[in-house]
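Peer 1: Dropping in protein-v8.cif, which is mmCIF, N, CA and C atoms:
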data_protein
loop_
_atom_site.label_atom_id
_atom_site.label_comp_id
_atom_site.auth_asym_id
_atom_site.auth_seq_id
_atom_site.Cartn_x
_atom_site.Cartn_y
_atom_site.Cartn_z
N MET H 8 172.67 134.81 -46.37
CA MET H 8 171.64 133.80 -46.36
C MET H 8 170.73 134.01 -47.55
N ILE H 9 170.35 132.93 -48.18
CA ILE H 9 169.37 132.95 -49.26
C ILE H 9 168.14 132.17 -48.79
N LEU H 10 166.99 132.77 -48.93
CA LEU H 10 165.72 132.09 -48.67
C LEU H 10 164.95 132.16 -49.98
N VAL H 11 164.76 131.01 -50.62
CA VAL H 11 164.10 130.96 -51.92
C VAL H 11 162.65 130.54 -51.70
N LEU H 12 161.74 131.47 -52.02
CA LEU H 12 160.32 131.19 -51.89
C LEU H 12 159.66 131.01 -53.24
N MET H 13 160.24 131.60 -54.29
CA MET H 13 159.70 131.47 -55.64
C MET H 13 160.80 130.88 -56.51
N THR H 14 161.23 131.57 -57.56
CA THR H 14 162.29 131.07 -58.43
C THR H 14 163.45 132.05 -58.42
N LEU H 15 164.65 131.55 -58.17
CA LEU H 15 165.88 132.34 -58.23
C LEU H 15 166.83 131.62 -59.17
N VAL H 16 167.25 132.33 -60.23
CA VAL H 16 168.17 131.75 -61.21
C VAL H 16 169.50 132.48 -61.13
N VAL H 17 170.58 131.72 -60.99
CA VAL H 17 171.93 132.27 -61.07
C VAL H 17 172.43 131.92 -62.47
N PRO H 18 172.34 132.87 -63.43
CA PRO H 18 172.66 132.57 -64.82
C PRO H 18 174.16 132.58 -65.08
N ASN H 19 174.53 132.17 -66.31
CA ASN H 19 175.95 132.13 -66.67
C ASN H 19 176.56 133.52 -66.73
N SER H 20 175.75 134.57 -66.81
CA SER H 20 176.30 135.93 -66.80
C SER H 20 176.80 136.32 -65.41
N VAL H 21 176.38 135.58 -64.39
CA VAL H 21 176.89 135.76 -63.02
C VAL H 21 177.86 134.61 -62.79
N SER H 22 179.15 134.92 -62.80
CA SER H 22 180.13 133.83 -62.75
C SER H 22 180.09 133.07 -61.44
N GLN H 23 179.83 133.78 -60.33
CA GLN H 23 179.73 133.06 -59.06
C GLN H 23 178.94 133.88 -58.05
N ILE H 24 178.33 133.18 -57.12
CA ILE H 24 177.66 133.82 -56.00
C ILE H 24 178.19 133.15 -54.74
N ILE H 25 178.60 133.95 -53.77
CA ILE H 25 179.14 133.44 -52.52
C ILE H 25 178.12 133.71 -51.43
N VAL H 26 177.73 132.67 -50.73
CA VAL H 26 176.72 132.81 -49.69
C VAL H 26 177.29 132.35 -48.35
N SER H 27 176.63 132.76 -47.29
CA SER H 27 177.06 132.34 -45.96
C SER H 27 175.84 131.94 -45.15
N ASP H 28 176.09 131.36 -44.01
CA ASP H 28 175.03 130.91 -43.12
C ASP H 28 174.21 129.81 -43.76
N ASP H 29 172.99 129.66 -43.29
CA ASP H 29 172.12 128.61 -43.80
C ASP H 29 171.27 129.15 -44.93
N ASN H 30 171.14 128.37 -45.99
CA ASN H 30 170.38 128.76 -47.17
C ASN H 30 169.26 127.75 -47.35
N ASN H 31 168.06 128.25 -47.62
CA ASN H 31 166.88 127.40 -47.67
C ASN H 31 166.13 127.56 -48.97
N VAL H 32 165.75 126.42 -49.54
CA VAL H 32 164.83 126.42 -50.68
C VAL H 32 163.52 125.88 -50.13
N SER H 33 162.55 126.77 -49.97
CA SER H 33 161.28 126.43 -49.34
C SER H 33 160.33 125.76 -50.32
N SER H 34 159.22 125.25 -49.79
CA SER H 34 158.21 124.61 -50.60
C SER H 34 157.75 125.55 -51.71
N GLY H 35 157.77 125.08 -52.95
CA GLY H 35 157.39 125.89 -54.10
C GLY H 35 158.54 126.72 -54.65
N GLY H 36 159.66 126.77 -53.94
CA GLY H 36 160.82 127.54 -54.39
C GLY H 36 161.71 126.73 -55.32
N ILE H 37 162.36 127.42 -56.26
CA ILE H 37 163.29 126.78 -57.19
C ILE H 37 164.56 127.61 -57.22
N LEU H 38 165.69 126.98 -56.95
CA LEU H 38 166.99 127.62 -57.07
C LEU H 38 167.71 126.93 -58.22
N GLU H 39 168.02 127.72 -59.27
CA GLU H 39 168.73 127.18 -60.43
C GLU H 39 170.11 127.81 -60.53
N ILE H 40 171.13 126.99 -60.58
CA ILE H 40 172.49 127.43 -60.84
C ILE H 40 172.73 127.07 -62.30
N ASP H 41 172.58 128.04 -63.19
CA ASP H 41 172.62 127.81 -64.65
C ASP H 41 173.96 128.27 -65.20
N ALA H 42 174.92 127.35 -65.25
CA ALA H 42 176.27 127.60 -65.74
C ALA H 42 177.07 128.52 -64.83
N GLY H 43 176.53 128.83 -63.66
CA GLY H 43 177.24 129.65 -62.69
C GLY H 43 177.81 128.79 -61.58
N THR H 44 178.29 129.44 -60.53
CA THR H 44 178.90 128.74 -59.39
C THR H 44 178.33 129.29 -58.10
N LEU H 45 177.94 128.40 -57.21
CA LEU H 45 177.53 128.76 -55.86
C LEU H 45 178.62 128.27 -54.91
N ILE H 46 179.16 129.18 -54.10
CA ILE H 46 180.24 128.84 -53.18
C ILE H 46 179.71 128.88 -51.76
N ASN H 47 180.16 127.95 -50.94
CA ASN H 47 179.71 127.77 -49.55
C ASN H 47 178.30 127.20 -49.54
N GLY H 48 178.14 126.05 -50.13
CA GLY H 48 176.83 125.45 -50.32
C GLY H 48 176.27 124.77 -49.10
N ASN H 49 175.89 125.52 -48.09
CA ASN H 49 175.22 124.98 -46.92
C ASN H 49 173.72 125.19 -47.13
N ILE H 50 173.04 124.18 -47.69
CA ILE H 50 171.70 124.37 -48.23
C ILE H 50 170.76 123.30 -47.69
N THR H 51 169.55 123.73 -47.34
CA THR H 51 168.47 122.80 -47.01
C THR H 51 167.38 122.96 -48.06
N ILE H 52 167.02 121.85 -48.68
CA ILE H 52 165.93 121.84 -49.65
C ILE H 52 164.73 121.23 -48.94
N HIS H 53 163.73 122.07 -48.67
CA HIS H 53 162.56 121.62 -47.94
C HIS H 53 161.60 120.87 -48.87
N SER H 54 160.67 120.13 -48.27
CA SER H 54 159.67 119.40 -49.04
C SER H 54 158.97 120.35 -50.00
N GLY H 55 158.94 120.01 -51.29
CA GLY H 55 158.33 120.85 -52.30
C GLY H 55 159.28 121.85 -52.93
N GLY H 56 160.51 121.95 -52.43
CA GLY H 56 161.52 122.85 -53.00
C GLY H 56 162.41 122.11 -53.99
N THR H 57 163.04 122.86 -54.89
CA THR H 57 163.88 122.26 -55.94
C THR H 57 165.17 123.05 -56.09
N LEU H 58 166.28 122.32 -56.16
CA LEU H 58 167.58 122.89 -56.51
C LEU H 58 168.07 122.18 -57.75
N ARG H 59 168.31 122.98 -58.82
CA ARG H 59 168.80 122.44 -60.09
C ARG H 59 170.15 123.05 -60.42
N VAL H 60 171.07 122.22 -60.86
CA VAL H 60 172.37 122.69 -61.34
C VAL H 60 172.44 122.33 -62.82
N LEU H 61 172.48 123.37 -63.69
CA LEU H 61 172.34 123.19 -65.13
C LEU H 61 173.58 123.66 -65.88
N ASN H 62 173.75 123.16 -67.10
CA ASN H 62 174.76 123.66 -68.05
C ASN H 62 176.16 123.78 -67.44
N ASN H 63 176.59 122.70 -66.81
CA ASN H 63 177.92 122.63 -66.20
C ASN H 63 178.10 123.60 -65.03
N GLY H 64 177.02 123.99 -64.39
CA GLY H 64 177.12 124.80 -63.18
C GLY H 64 177.71 123.97 -62.05
N ALA H 65 178.07 124.63 -60.95
CA ALA H 65 178.70 123.91 -59.85
C ALA H 65 178.33 124.53 -58.50
N ILE H 66 178.29 123.67 -57.50
CA ILE H 66 178.16 124.09 -56.12
C ILE H 66 179.41 123.61 -55.41
N PHE H 67 180.14 124.54 -54.78
CA PHE H 67 181.32 124.19 -53.99
C PHE H 67 180.91 124.11 -52.53
N VAL H 68 181.20 122.97 -51.91
CA VAL H 68 180.92 122.81 -50.49
C VAL H 68 182.23 122.67 -49.73
N ASN H 69 182.32 123.34 -48.60
CA ASN H 69 183.49 123.23 -47.74
C ASN H 69 183.30 122.07 -46.77
N TYR H 70 184.32 121.77 -46.01
CA TYR H 70 184.30 120.59 -45.14
C TYR H 70 183.16 120.61 -44.13
N ASN H 71 182.70 121.78 -43.71
CA ASN H 71 181.62 121.84 -42.72
C ASN H 71 180.26 122.19 -43.33
N ASP H 72 180.18 122.28 -44.64
CA ASP H 72 178.91 122.54 -45.32
C ASP H 72 178.18 121.23 -45.58
N GLU H 73 176.89 121.32 -45.73
CA GLU H 73 176.13 120.15 -46.15
C GLU H 73 174.92 120.59 -46.96
N ILE H 74 174.54 119.73 -47.85
CA ILE H 74 173.32 119.92 -48.62
C ILE H 74 172.35 118.86 -48.13
N SER H 75 171.26 119.29 -47.53
CA SER H 75 170.30 118.31 -47.04
C SER H 75 168.99 118.48 -47.79
N VAL H 76 168.41 117.33 -48.11
CA VAL H 76 167.17 117.29 -48.88
C VAL H 76 166.11 116.58 -48.04
N GLU H 77 165.08 117.33 -47.67
CA GLU H 77 163.97 116.72 -46.93
C GLU H 77 163.16 115.83 -47.87
N SER H 78 162.42 114.92 -47.30
CA SER H 78 161.52 114.08 -48.08
C SER H 78 160.58 114.98 -48.87
N GLY H 79 160.50 114.77 -50.18
CA GLY H 79 159.67 115.59 -51.05
C GLY H 79 160.41 116.75 -51.70
N GLY H 80 161.66 116.98 -51.30
CA GLY H 80 162.50 117.99 -51.95
C GLY H 80 163.22 117.37 -53.14
N VAL H 81 163.67 118.22 -54.08
CA VAL H 81 164.33 117.71 -55.29
C VAL H 81 165.70 118.35 -55.44
N LEU H 82 166.72 117.51 -55.63
CA LEU H 82 168.07 117.94 -55.96
C LEU H 82 168.41 117.35 -57.32
N ASP H 83 168.57 118.20 -58.34
CA ASP H 83 168.84 117.74 -59.71
C ASP H 83 170.19 118.30 -60.14
N ILE H 84 171.21 117.44 -60.17
CA ILE H 84 172.55 117.86 -60.61
C ILE H 84 172.96 117.10 -61.87
N SER H 85 171.97 116.69 -62.65
CA SER H 85 172.26 115.88 -63.83
C SER H 85 173.06 116.64 -64.89
N GLU H 86 173.05 117.98 -64.84
CA GLU H 86 173.80 118.77 -65.83
C GLU H 86 174.86 119.64 -65.16
N GLY H 87 175.25 119.28 -63.94
CA GLY H 87 176.26 120.05 -63.22
C GLY H 87 176.97 119.16 -62.23
N GLU H 88 177.57 119.80 -61.21
CA GLU H 88 178.31 119.00 -60.24
C GLU H 88 178.38 119.69 -58.88
N ILE H 89 178.61 118.88 -57.87
CA ILE H 89 178.90 119.37 -56.53
C ILE H 89 180.36 119.04 -56.27
N ILE H 90 181.14 120.05 -55.89
CA ILE H 90 182.58 119.89 -55.74
C ILE H 90 182.94 120.14 -54.29
N GLU H 91 183.65 119.18 -53.71
CA GLU H 91 184.14 119.36 -52.35
C GLU H 91 185.38 120.23 -52.38
N ASN H 92 185.29 121.37 -51.74
CA ASN H 92 186.36 122.35 -51.70
C ASN H 92 186.99 122.28 -50.31
N ILE H 93 188.11 121.63 -50.18
CA ILE H 93 188.71 121.37 -48.88
C ILE H 93 189.36 122.62 -48.34
N ILE H 94 188.60 123.39 -47.56
CA ILE H 94 189.13 124.56 -46.86
C ILE H 94 188.82 124.35 -45.39
N GLN H 95 189.85 124.27 -44.57
CA GLN H 95 189.64 124.01 -43.14
C GLN H 95 190.08 125.16 -42.31
#
Starting from the file, lay out its structure as structure tokens.
Peer 2:
Amino acid sequence: MILVLMTLVVPNSVSQIIVSDDNNVSSGGILEIDAGTLINGNITIHSGGTLRVLNNGAIFVNYNDEISVESGGVLDISEGEIIENIIQ
């Protein structure tokens, strides 16, 4: 589980990070996937939280994962992608 309260950057020097359970980006928190990969993207972005995918980074979501964004949360994938990874 990842709980982001401040800023957490997954840089390109970290090729991938694999997470499990529920992951939360809290108010004031910023999670940046900067040219890296996040696998098992079951993420809630709370009001005031931000998730950015930069420099061709990617989030892989499995069939039972979801990325949910509360009102006031920010999901910015303008420089990356979310990929559905069909594992059942």
Peer 1: Expand the PyMOL selection byres (((chain H and resi 79-82 and name CA) around 7) and name CA) into the individual residues it matches in the shown file, reporting them as a list in words.
Peer 2: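 Applied to this file, the PyMOL selection byres (((chain H and resi 79-82 and name CA) around 7) and name CA) returns Ile52, His53, Ser54, Gly55, Gly56, Thr57, Leu58, Arg59, Val76, Glu77, Ser78, Asp83 and Ile84 of chain H.
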Peer 1: Work out how far apart atom N of Asp29 (chain H) and CA of Thr51 (chain H) are and give it in Å to one decimal.
Peer 2: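 Computing it gives 9.0 Å between the two atoms.
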Peer 1: Would you work out the distance separating atom C of Asn30 (chain H) from atom C of Asp72 (chain H), expressed in Å to one decimal?
Peer 2: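 Interatomic distance here is 11.2 Å.
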Peer 1: Pick out the closest residue to Tyr70 (chain H) from this set: H:Ile46, H:Asn92, H:Leu38, H:Asn31. Count only C-alpha atoms.
Peer 2: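 Distance minimum relative to Tyr70 (chain H) lands on H:Asn92.
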Peer 1: Please, which residues of region 30-90 of chain H, numbered as in this document, come out strand (DSSP E or B) from DSSP, as a VMD selection string?
Peer 2: chain H and resid 30 to 32 37 to 41 44 to 46 50 to 52 57 to 61 64 to 68 74 to 76 81 to 83 87 to 90
Peer 1: Filtering to N, CA and C atoms, could you give me those residues as an mmCIF file, in the frame of the given file?
Peer 2:
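Output (out.cif):
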data_model
loop_
_atom_site.group_PDB
_atom_site.id
_atom_site.type_symbol
_atom_site.label_atom_id
_atom_site.label_comp_id
_atom_site.auth_asym_id
_atom_site.auth_seq_id
_atom_site.Cartn_x
_atom_site.Cartn_y
_atom_site.Cartn_z
ATOM 1 N N ASN H 30 171.140 128.370 -45.990
ATOM 2 C CA ASN H 30 170.380 128.760 -47.170
ATOM 3 C C ASN H 30 169.260 127.750 -47.350
ATOM 4 N N ASN H 31 168.060 128.250 -47.620
ATOM 5 C CA ASN H 31 166.880 127.400 -47.670
ATOM 6 C C ASN H 31 166.130 127.560 -48.970
ATOM 7 N N VAL H 32 165.750 126.420 -49.540
ATOM 8 C CA VAL H 32 164.830 126.420 -50.680
ATOM 9 C C VAL H 32 163.520 125.880 -50.130
ATOM 10 N N ILE H 37 162.360 127.420 -56.260
ATOM 11 C CA ILE H 37 163.290 126.780 -57.190
ATOM 12 C C ILE H 37 164.560 127.610 -57.220
ATOM 13 N N LEU H 38 165.690 126.980 -56.950
ATOM 14 C CA LEU H 38 166.990 127.620 -57.070
ATOM 15 C C LEU H 38 167.710 126.930 -58.220
ATOM 16 N N GLU H 39 168.020 127.720 -59.270
ATOM 17 C CA GLU H 39 168.730 127.180 -60.430
ATOM 18 C C GLU H 39 170.110 127.810 -60.530
ATOM 19 N N ILE H 40 171.130 126.990 -60.580
ATOM 20 C CA ILE H 40 172.490 127.430 -60.840
ATOM 21 C C ILE H 40 172.730 127.070 -62.300
ATOM 22 N N ASP H 41 172.580 128.040 -63.190
ATOM 23 C CA ASP H 41 172.620 127.810 -64.650
ATOM 24 C C ASP H 41 173.960 128.270 -65.200
ATOM 25 N N THR H 44 178.290 129.440 -60.530
ATOM 26 C CA THR H 44 178.900 128.740 -59.390
ATOM 27 C C THR H 44 178.330 129.290 -58.100
ATOM 28 N N LEU H 45 177.940 128.400 -57.210
ATOM 29 C CA LEU H 45 177.530 128.760 -55.860
ATOM 30 C C LEU H 45 178.620 128.270 -54.910
ATOM 31 N N ILE H 46 179.160 129.180 -54.100
ATOM 32 C CA ILE H 46 180.240 128.840 -53.180
ATOM 33 C C ILE H 46 179.710 128.880 -51.760
ATOM 34 N N ILE H 50 173.040 124.180 -47.690
ATOM 35 C CA ILE H 50 171.700 124.370 -48.230
ATOM 36 C C ILE H 50 170.760 123.300 -47.690
ATOM 37 N N THR H 51 169.550 123.730 -47.340
ATOM 38 C CA THR H 51 168.470 122.800 -47.010
ATOM 39 C C THR H 51 167.380 122.960 -48.060
ATOM 40 N N ILE H 52 167.020 121.850 -48.680
ATOM 41 C CA ILE H 52 165.930 121.840 -49.650
ATOM 42 C C ILE H 52 164.730 121.230 -48.940
ATOM 43 N N THR H 57 163.040 122.860 -54.890
ATOM 44 C CA THR H 57 163.880 122.260 -55.940
ATOM 45 C C THR H 57 165.170 123.050 -56.090
ATOM 46 N N LEU H 58 166.280 122.320 -56.160
ATOM 47 C CA LEU H 58 167.580 122.890 -56.510
ATOM 48 C C LEU H 58 168.070 122.180 -57.750
ATOM 49 N N ARG H 59 168.310 122.980 -58.820
ATOM 50 C CA ARG H 59 168.800 122.440 -60.090
ATOM 51 C C ARG H 59 170.150 123.050 -60.420
ATOM 52 N N VAL H 60 171.070 122.220 -60.860
ATOM 53 C CA VAL H 60 172.370 122.690 -61.340
ATOM 54 C C VAL H 60 172.440 122.330 -62.820
ATOM 55 N N LEU H 61 172.480 123.370 -63.690
ATOM 56 C CA LEU H 61 172.340 123.190 -65.130
ATOM 57 C C LEU H 61 173.580 123.660 -65.880
ATOM 58 N N GLY H 64 177.020 123.990 -64.390
ATOM 59 C CA GLY H 64 177.120 124.800 -63.180
ATOM 60 C C GLY H 64 177.710 123.970 -62.050
ATOM 61 N N ALA H 65 178.070 124.630 -60.950
ATOM 62 C CA ALA H 65 178.700 123.910 -59.850
ATOM 63 C C ALA H 65 178.330 124.530 -58.500
ATOM 64 N N ILE H 66 178.290 123.670 -57.500
ATOM 65 C CA ILE H 66 178.160 124.090 -56.120
ATOM 66 C C ILE H 66 179.410 123.610 -55.410
ATOM 67 N N PHE H 67 180.140 124.540 -54.780
ATOM 68 C CA PHE H 67 181.320 124.190 -53.990
ATOM 69 C C PHE H 67 180.910 124.110 -52.530
ATOM 70 N N VAL H 68 181.200 122.970 -51.910
ATOM 71 C CA VAL H 68 180.920 122.810 -50.490
ATOM 72 C C VAL H 68 182.230 122.670 -49.730
ATOM 73 N N ILE H 74 174.540 119.730 -47.850
ATOM 74 C CA ILE H 74 173.320 119.920 -48.620
ATOM 75 C C ILE H 74 172.350 118.860 -48.130
ATOM 76 N N SER H 75 171.260 119.290 -47.530
ATOM 77 C CA SER H 75 170.300 118.310 -47.040
ATOM 78 C C SER H 75 168.990 118.480 -47.790
ATOM 79 N N VAL H 76 168.410 117.330 -48.110
ATOM 80 C CA VAL H 76 167.170 117.290 -48.880
ATOM 81 C C VAL H 76 166.110 116.580 -48.040
ATOM 82 N N VAL H 81 163.670 118.220 -54.080
ATOM 83 C CA VAL H 81 164.330 117.710 -55.290
ATOM 84 C C VAL H 81 165.700 118.350 -55.440
ATOM 85 N N LEU H 82 166.720 117.510 -55.630
ATOM 86 C CA LEU H 82 168.070 117.940 -55.960
ATOM 87 C C LEU H 82 168.410 117.350 -57.320
ATOM 88 N N ASP H 83 168.570 118.200 -58.340
ATOM 89 C CA ASP H 83 168.840 117.740 -59.710
ATOM 90 C C ASP H 83 170.190 118.300 -60.140
ATOM 91 N N GLY H 87 175.250 119.280 -63.940
ATOM 92 C CA GLY H 87 176.260 120.050 -63.220
ATOM 93 C C GLY H 87 176.970 119.160 -62.230
ATOM 94 N N GLU H 88 177.570 119.800 -61.210
ATOM 95 C CA GLU H 88 178.310 119.000 -60.240
ATOM 96 C C GLU H 88 178.380 119.690 -58.880
ATOM 97 N N ILE H 89 178.610 118.880 -57.870
ATOM 98 C CA ILE H 89 178.900 119.370 -56.530
ATOM 99 C C ILE H 89 180.360 119.040 -56.270
ATOM 100 N N ILE H 90 181.140 120.050 -55.890
ATOM 101 C CA ILE H 90 182.580 119.890 -55.740
ATOM 102 C C ILE H 90 182.940 120.140 -54.290
#
Peer 1: How many Å lie between atom C of Ile66 (chain H) and atom C of Gly36 (chain H), rounded to one decimal?
Peer 2: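 So the two atoms, atom C of Ile66 (chain H) and atom C of Gly36 (chain H), lie 18.0 Å apart.
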Peer 1: Here's the selection I'm unsure about, the PyMOL selection byres (((chain H and resi 64 and name CA) around 8) and name CA); applied to the file above, which residues does it give, as a count of residues only?
Peer 2: 14
Peer 1: Go through H:Ile50, H:Asn69, H:Ser33, H:Leu45 and flag the residue nearest Glu91 (chain H), using all atoms listed in the file for the distances.
Peer 2: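 Residue with the minimum atom-to-atom distance to Glu91 (chain H): H:Asn69.
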Peer 1: For each of H:Ser85, H:Ile90, H:Val68, H:Gly35, take the minimum atom-to-atom distance to Gly48 (chain H), counting only N, CA and C atoms, then give the residue where this is smallest.
Peer 2: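 Closest candidate: H:Val68.
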